[in-house]
file my_file-v2.csv (CSV, C-alpha atoms)
chain,number,residue,atom,x,y,z
A,1,GLN,CA,-3.9,3.3,-12.2
A,2,GLY,CA,-3.8,2.1,-8.6
A,3,ARG,CA,-3.1,-1.5,-9.3
A,4,THR,CA,0.0,-3.6,-8.7
A,5,GLY,CA,1.9,-5.3,-11.5
A,6,ARG,CA,4.4,-8.2,-11.1
A,7,VAL,CA,7.6,-8.9,-13.1
A,8,GLU,CA,9.4,-12.3,-13.0
A,9,ILE,CA,13.0,-12.8,-14.2
A,10,HIS,CA,14.4,-16.2,-15.1
A,11,THR,CA,18.2,-16.4,-15.4
A,12,ARG,CA,20.8,-18.9,-16.4
A,13,ARG,CA,23.0,-18.3,-13.3
A,14,PRO,CA,22.4,-16.6,-10.0
A,15,LEU,CA,22.2,-12.9,-10.5
A,16,THR,CA,21.8,-9.8,-8.4
A,17,VAL,CA,19.4,-7.6,-10.3
A,18,SER,CA,18.7,-3.9,-9.5
A,19,ALA,CA,15.8,-2.1,-11.1
A,20,THR,CA,13.7,1.0,-11.2
A,21,TRP,CA,10.1,1.3,-12.1
A,22,ASN,CA,9.0,4.8,-13.3
A,23,ASN,CA,12.2,6.1,-11.5
A,24,VAL,CA,11.3,4.4,-8.2
A,25,PRO,CA,13.8,1.7,-7.0
A,26,ILE,CA,12.1,-1.7,-6.7
A,27,VAL,CA,13.3,-4.8,-4.9
A,28,PHE,CA,13.6,-8.3,-6.4
A,29,THR,CA,12.9,-11.3,-4.2
A,30,GLN,CA,14.2,-14.8,-5.0
A,31,ALA,CA,11.4,-17.4,-5.6
A,32,LEU,CA,11.2,-20.0,-2.8
A,33,THR,CA,11.5,-23.0,-5.0
A,34,ASP,CA,13.8,-21.8,-7.8
A,35,SER,CA,17.2,-20.1,-7.2
A,36,LEU,CA,17.2,-18.9,-10.8
A,37,GLN,CA,13.8,-17.1,-10.6
A,38,GLN,CA,13.2,-13.7,-9.0
A,39,PHE,CA,10.1,-11.5,-8.8
A,40,ALA,CA,9.2,-7.9,-8.0
A,41,LEU,CA,6.0,-5.9,-7.6
A,42,LEU,CA,5.3,-2.8,-9.6
A,43,PRO,CA,3.0,-0.3,-7.8
A,44,VAL,CA,1.1,2.2,-9.9
A,45,HIS,CA,0.0,5.4,-8.2
A,46,ALA,CA,-3.8,6.0,-8.5
A,47,LEU,CA,-3.2,9.4,-10.0
A,48,LEU,CA,-0.4,8.5,-12.4
A,49,GLU,CA,-1.3,9.9,-15.9
A,50,PRO,CA,-2.0,7.1,-18.4
A,51,GLY,CA,0.8,6.5,-20.7
A,52,ALA,CA,4.1,4.5,-21.2
A,53,TYR,CA,6.5,4.2,-18.3
A,54,THR,CA,9.9,2.5,-18.1
A,55,LEU,CA,11.1,-0.5,-16.1
A,56,THR,CA,14.9,-0.5,-16.1
A,57,LEU,CA,16.9,-3.6,-15.1
A,58,ALA,CA,20.6,-3.7,-14.4
A,59,TYR,CA,23.1,-6.5,-13.6
A,60,THR,CA,26.8,-7.3,-13.9
A,61,ALA,CA,27.9,-9.6,-16.7
A,62,THR,CA,30.6,-12.3,-16.2
A,63,ASN,CA,33.1,-10.0,-17.8
A,64,GLY,CA,32.4,-7.3,-15.2
A,65,ARG,CA,30.4,-5.0,-17.4
A,66,LEU,CA,27.2,-3.4,-16.1
A,67,LEU,CA,24.4,-4.2,-18.5
A,68,THR,CA,21.0,-2.6,-18.5
A,69,HIS,CA,17.7,-3.4,-20.2
A,70,GLN,CA,14.8,-1.0,-20.5
A,71,GLN,CA,11.2,-2.1,-21.0
A,72,TRP,CA,8.2,0.2,-21.7
A,73,LEU,CA,5.0,-0.7,-19.8
A,74,LYS,CA,1.7,0.9,-20.5
A,75,VAL,CA,-0.5,2.3,-17.7
A,76,ILE,CA,-4.2,2.7,-18.4
A,77,ALA,CA,-6.8,4.7,-16.6
A,78,GLY,CA,-8.6,3.2,-13.6
A,79,ASP,CA,-12.4,3.2,-13.4
A,80,TYR,CA,-12.8,5.3,-10.3
A,81,ALA,CA,-15.9,7.2,-9.1
A,82,THR,CA,-16.1,10.6,-7.4
A,83,GLN,CA,-17.3,11.2,-3.9
A,84,GLN,CA,-18.2,14.4,-2.0
A,85,ILE,CA,-17.6,14.4,1.8
A,86,THR,CA,-18.9,17.0,4.2
A,87,LEU,CA,-17.0,17.1,7.5
A,88,PRO,CA,-18.6,18.2,10.8
A,89,ASP,CA,-17.4,21.6,11.9
A,90,GLU,CA,-15.3,20.2,14.8
A,91,LYS,CA,-13.2,18.1,12.4
A,92,GLY,CA,-12.7,20.7,9.6
A,93,ALA,CA,-9.4,21.8,11.2
A,94,LEU,CA,-7.9,18.4,10.3
A,95,LEU,CA,-7.9,19.4,6.7
A,96,ALA,CA,-5.3,22.1,7.4
A,97,PRO,CA,-2.3,21.3,5.1
A,98,GLU,CA,0.3,21.6,7.8
A,99,THR,CA,-1.5,19.0,9.9
A,100,GLY,CA,-1.7,16.5,7.1
A,101,GLU,CA,1.7,17.1,5.7
A,102,ALA,CA,3.5,16.5,9.1
A,103,GLU,CA,1.6,13.3,9.7
A,104,PHE,CA,2.3,12.0,6.1
A,105,LYS,CA,6.0,12.8,6.5
A,106,GLN,CA,6.1,10.7,9.7
A,107,LEU,CA,4.4,7.7,8.0
A,108,ASN,CA,6.3,8.1,4.7
A,109,ALA,CA,9.6,7.6,6.6
A,110,ILE,CA,8.2,4.2,7.7
A,111,TRP,CA,6.6,2.8,4.6
A,112,THR,CA,9.3,3.8,2.1
A,113,GLN,CA,11.7,1.3,3.8
A,114,ALA,CA,12.3,-2.1,2.3
A,115,ASN,CA,13.1,-4.7,5.0
A,116,PRO,CA,15.2,-7.5,3.5
A,117,THR,CA,13.0,-10.2,5.1
A,118,LEU,CA,9.8,-11.2,3.3
A,119,TRP,CA,7.4,-12.3,6.0
A,120,TRP,CA,4.3,-12.6,3.7
A,121,THR,CA,3.6,-15.5,1.3
A,122,GLY,CA,0.4,-16.4,-0.6
A,123,SER,CA,-2.7,-14.3,-0.8
A,124,PHE,CA,-3.8,-11.9,1.9
A,125,THR,CA,-6.9,-12.6,4.0
A,126,ARG,CA,-9.7,-10.0,4.7
A,127,PRO,CA,-8.8,-7.8,7.7
A,128,ILE,CA,-12.5,-7.7,8.8
A,129,SER,CA,-15.4,-10.1,8.7
A,130,THR,CA,-17.2,-10.5,5.3
A,131,GLU,CA,-20.4,-9.4,6.9
A,132,TYR,CA,-19.1,-5.8,6.8
A,133,GLU,CA,-19.3,-4.4,3.2
A,134,THR,CA,-17.2,-1.8,1.4
A,135,THR,CA,-18.5,1.7,2.0
A,136,SER,CA,-15.8,3.5,0.0
A,137,PRO,CA,-13.5,1.7,-2.4
A,138,PHE,CA,-9.9,2.4,-3.1
A,139,GLY,CA,-9.1,5.1,-5.7
A,140,THR,CA,-12.3,7.1,-5.4
A,141,ARG,CA,-11.7,10.8,-6.3
A,142,ARG,CA,-12.7,12.7,-3.2
A,143,ASN,CA,-13.9,16.3,-2.6
A,144,TYR,CA,-13.7,17.4,1.1
A,145,SER,CA,-16.2,20.2,2.0
A,146,GLY,CA,-16.1,21.7,-1.5
A,147,GLY,CA,-12.4,21.3,-2.1
A,148,ALA,CA,-10.6,20.3,-5.3
A,149,TYR,CA,-10.5,16.8,-6.9
A,150,ALA,CA,-7.2,17.3,-8.6
A,151,THR,CA,-4.8,17.6,-5.7
A,152,SER,CA,-2.3,14.9,-4.7
A,153,ASN,CA,-4.4,13.8,-1.7
A,154,SER,CA,-7.9,14.1,-3.3
A,155,TYR,CA,-8.3,10.3,-3.9
A,156,HIS,CA,-9.1,7.6,-1.4
A,157,SER,CA,-5.9,5.8,-0.6
A,158,GLY,CA,-7.5,2.7,1.0
A,159,GLN,CA,-10.6,0.5,1.2
A,160,ASP,CA,-13.3,1.4,3.8
A,161,PHE,CA,-15.5,-1.2,5.4
A,162,GLY,CA,-18.5,0.1,7.4
A,163,ALA,CA,-18.7,-1.6,10.8
A,164,PRO,CA,-19.8,-0.8,14.3
A,165,ALA,CA,-17.3,0.3,16.9
A,166,GLY,CA,-15.4,-2.5,18.6
A,167,VAL,CA,-15.4,-5.0,15.7
A,168,PRO,CA,-12.1,-6.8,15.6
A,169,ILE,CA,-9.5,-6.0,12.9
A,170,LEU,CA,-7.3,-8.9,11.8
A,171,ALA,CA,-3.8,-9.0,10.3
A,172,PRO,CA,-4.2,-10.1,6.7
A,173,ALA,CA,-0.7,-11.6,6.5
A,174,ALA,CA,2.4,-12.1,8.7
A,175,GLY,CA,4.7,-9.2,9.5
A,176,VAL,CA,6.0,-6.9,12.2
A,177,VAL,CA,4.1,-3.9,13.6
A,178,ALA,CA,6.0,-0.8,12.4
A,179,LEU,CA,3.7,1.7,14.2
A,180,ALA,CA,0.9,1.5,16.7
A,181,ALA,CA,0.0,5.0,17.9
A,182,PRO,CA,-2.6,7.8,17.9
A,183,LEU,CA,-2.3,10.4,15.1
A,184,GLN,CA,-4.4,13.5,14.4
A,185,VAL,CA,-5.8,12.9,10.9
A,186,ARG,CA,-5.8,9.1,10.8
A,187,GLY,CA,-6.7,8.6,14.5
A,188,ASN,CA,-5.5,5.5,16.3
A,189,VAL,CA,-3.4,3.7,13.7
A,190,VAL,CA,-1.5,0.4,13.2
A,191,VAL,CA,1.0,-0.1,10.4
A,192,ILE,CA,2.3,-3.6,9.6
A,193,ASP,CA,5.6,-4.2,7.7
A,194,HIS,CA,5.2,-7.4,5.6
A,195,GLY,CA,8.8,-7.1,4.3
A,196,ARG,CA,10.4,-6.1,1.0
A,197,GLY,CA,8.7,-2.7,0.9
A,198,ILE,CA,5.1,-3.9,1.5
A,199,PHE,CA,3.1,-2.3,4.3
A,200,THR,CA,-0.6,-2.3,5.4
A,201,GLY,CA,-2.2,0.4,7.5
A,202,TYR,CA,-5.4,0.5,9.6
A,203,TRP,CA,-6.9,3.9,10.5
A,204,HIS,CA,-9.5,5.4,12.8
A,205,LEU,CA,-9.3,2.6,15.4
A,206,SER,CA,-11.2,2.8,18.7
A,207,GLU,CA,-8.5,0.7,20.4
A,208,ILE,CA,-5.0,-0.5,19.4
A,209,LYS,CA,-4.3,-4.1,20.4
A,210,VAL,CA,-0.6,-4.4,19.4
A,211,THR,CA,2.7,-2.5,20.1
A,212,THR,CA,5.4,-1.2,17.8
A,213,GLY,CA,7.9,-4.0,17.0
A,214,GLN,CA,5.5,-6.8,17.8
A,215,PRO,CA,5.5,-9.7,15.3
A,216,VAL,CA,2.0,-10.7,14.0
A,217,ASN,CA,0.6,-13.7,12.2
A,218,VAL,CA,-2.3,-13.8,9.8
A,219,GLY,CA,-5.6,-13.5,11.8
A,220,ASP,CA,-4.1,-11.8,14.9
A,221,VAL,CA,-6.3,-9.0,16.3
A,222,VAL,CA,-4.4,-5.7,15.8
A,223,GLY,CA,-7.2,-3.3,16.8
A,224,LEU,CA,-10.9,-2.5,17.0
A,225,VAL,CA,-13.1,-0.5,14.6
A,226,GLY,CA,-13.7,3.2,15.6
A,227,THR,CA,-14.1,6.7,14.2
A,228,THR,CA,-11.0,8.5,15.5
A,229,GLY,CA,-9.3,11.2,13.5
A,230,LEU,CA,-10.7,12.5,10.2
A,231,SER,CA,-13.7,10.2,10.1
A,232,THR,CA,-17.4,10.8,9.7
A,233,GLY,CA,-18.6,7.4,11.1
A,234,THR,CA,-17.3,4.1,12.5
A,235,HIS,CA,-15.4,2.1,9.9
A,236,LEU,CA,-12.1,0.5,9.0
A,237,HIS,CA,-9.9,2.2,6.5
A,238,TRP,CA,-7.5,-0.5,5.2
A,239,GLU,CA,-4.5,0.7,3.2
A,240,LEU,CA,-1.7,-1.1,1.4
A,241,ARG,CA,1.5,0.6,0.2
A,242,ILE,CA,4.5,-0.6,-1.8
A,243,TYR,CA,7.6,1.6,-1.6
A,244,GLY,CA,5.3,4.2,-0.2
A,245,ILE,CA,2.8,4.1,-3.1
A,246,ALA,CA,-0.8,3.4,-2.1
A,247,VAL,CA,-2.4,0.6,-4.3
A,248,ASP,CA,-5.7,-1.2,-4.2
A,249,PRO,CA,-5.4,-3.7,-1.3
A,250,MET,CA,-8.3,-5.8,-2.6
A,251,GLN,CA,-6.2,-7.1,-5.4
A,252,PHE,CA,-4.0,-8.9,-2.8
A,253,LEU,CA,-7.0,-11.0,-1.6
A,254,ASN,CA,-7.1,-12.7,-5.0
A,255,GLN,CA,-3.6,-12.7,-6.4
call {"tool": "encode", "arguments": {"input": "my_file-v2.csv", "output": "structure tokens"}}
result
Amino acid sequence: QGRTGRVEIHTRRPLTVSATWNNVPIVFTQALTDSLQQFALLPVHALLEPGAYTLTLAYTATNGRLLTHQQWLKVIAGDYATQQITLPDEKGALLAPETGEAEFKQLNAIWTQANPTLWWTGSFTRPISTEYETTSPFGTRRNYSGGAYATSNSYHSGQDFGAPAGVPILAPAAGVVALAAPLQVRGNVVVIDHGRGIFTGYWHLSEIKVTTGQPVNVGDVVGLVGTTGLSTGTHLHWELRIYGIAVDPMQFLNQ
């Protein structure tokens, strides 16, 4: 739960492969050094029930027939803690479903796209200095002001780093800014498109330092730490989504 898998395909001739993972279309990318090797990432939702789920591959044979292959993959439970958050009265209105749903719909229209260009290679770098530690890890089951843990939005969809206002936030990999704007729940936000359905997001900023459509390279300053939107203190919320599914961004620092 909440992690990203990887599948590689080695073929005897160049092939266009289509695939779905747990009924979500996924995108294969050709390896840089081998024209007969392709890879794809398999995001697992943090609240997906443990069990067996299907990866289905399809391609056209030399005789023109469409061939498919189905592989069962086992998803196991993640080791996630729970957390209770009490909001100040002036921010309680941000929990209203209509506010959050409208904002999520706007963002979902962005991060469910899969740009054909892959700007990112290698591991990601940390978006904030190592002197600022994690205050709330990805996947934590959250309870806001006495609400339920079991709802679709009751888990932490990113990694929080506690830091004072004004600390620089850095692009962890190359990409193009897909959104740089103020929102109600997430505050001042930046979303970077890294290509092939991979996006990172940066919430609650005090200042935005990039514009929508701007290319960025690893290490570029994209904003400053703040506490705008649904936030109880200054911090960076760093989010990573693949085909719109939030996954643990810290995995991308090591793999």
call {"tool": "residues_around", "arguments": {"input": "my_file-v2.csv", "residues": "Thr200 in chain A", "least_positions_apart": "2", "cutoff": "10 Å", "atoms": "only C-alpha atoms", "output": "VMD selection string"}}
result
chain A and resid 111 158 171 to 173 175 177 to 178 190 to 194 198 202 238 to 242 246 249
call {"tool": "residues_near_point", "arguments": {"input": "my_file-v2.csv", "point": "(-4.9, 7.4, -1.3)", "cutoff": "9 Å", "atoms": "only C-alpha atoms", "output": "PyMOL selection string"}}
result
chain A and resi 45-46+138-140+152-158+239+245-247
call {"tool": "atom_distance", "arguments": {"input": "my_file-v2.csv", "atom1": "CA of Pro25 in chain A", "atom2": "CA of Tyr243 in chain A"}}
result
8.2 Å
call {"tool": "residues_around", "arguments": {"input": "my_file-v2.csv", "residues": "range 221-232 of chain A", "least_positions_apart": "2", "cutoff": "8 Å", "atoms": "only C-alpha atoms", "output": "ChimeraX atom specification"}}
result
/A:87-88,91,94,163-171,183-188,190,203-210,219,234-236
call {"tool": "atom_distance", "arguments": {"input": "my_file-v2.csv", "atom1": "CA of Gln159 in chain A", "atom2": "CA of Gln255 in chain A"}}
result
16.8 Å
call {"tool": "atom_distance", "arguments": {"input": "my_file-v2.csv", "atom1": "CA of Leu32 in chain A", "atom2": "CA of Thr60 in chain A"}}
result
23.0 Å
call {"tool": "closest_residue", "arguments": {"input": "my_file-v2.csv", "among": "A:Gly233, A:Arg3, A:Asn217, A:Thr20", "to": "Phe124 in chain A", "atoms": "all atoms listed in the file"}}
result
A:Asn217
call {"tool": "closest_residue", "arguments": {"input": "my_file-v2.csv", "among": "A:Leu55, A:Leu41, A:Leu15, A:Leu48", "to": "Trp72 in chain A", "atoms": "all atoms listed in the file"}}
result
A:Leu55
call {"tool": "closest_residue", "arguments": {"input": "my_file-v2.csv", "among": "A:Trp120, A:Tyr80, A:Tyr59, A:Trp21", "to": "Pro43 in chain A", "atoms": "only C-alpha atoms"}}
result
A:Trp21
call {"tool": "closest_residue", "arguments": {"input": "my_file-v2.csv", "among": "A:Glu101, A:Arg196, A:Pro215, A:Thr112", "to": "Phe39 in chain A", "atoms": "all atoms listed in the file"}}
result
A:Arg196
call {"tool": "residues_near_point", "arguments": {"input": "my_file-v2.csv", "point": "(19.3, -5.6, -9.6)", "cutoff": "6 Å", "atoms": "all atoms listed in the file", "output": "ChimeraX atom specification"}}
result
/A:16-19,58-59
call {"tool": "closest_residue", "arguments": {"input": "my_file-v2.csv", "among": "A:Ala81, A:Val7, A:Val44, A:Val75", "to": "Leu57 in chain A", "atoms": "all atoms listed in the file"}}
result
A:Val7
call {"tool": "closest_residue", "arguments": {"input": "my_file-v2.csv", "among": "A:Thr211, A:Thr117, A:Gln37, A:Thr54", "to": "Thr11 in chain A", "atoms": "only C-alpha atoms"}}
result
A:Gln37
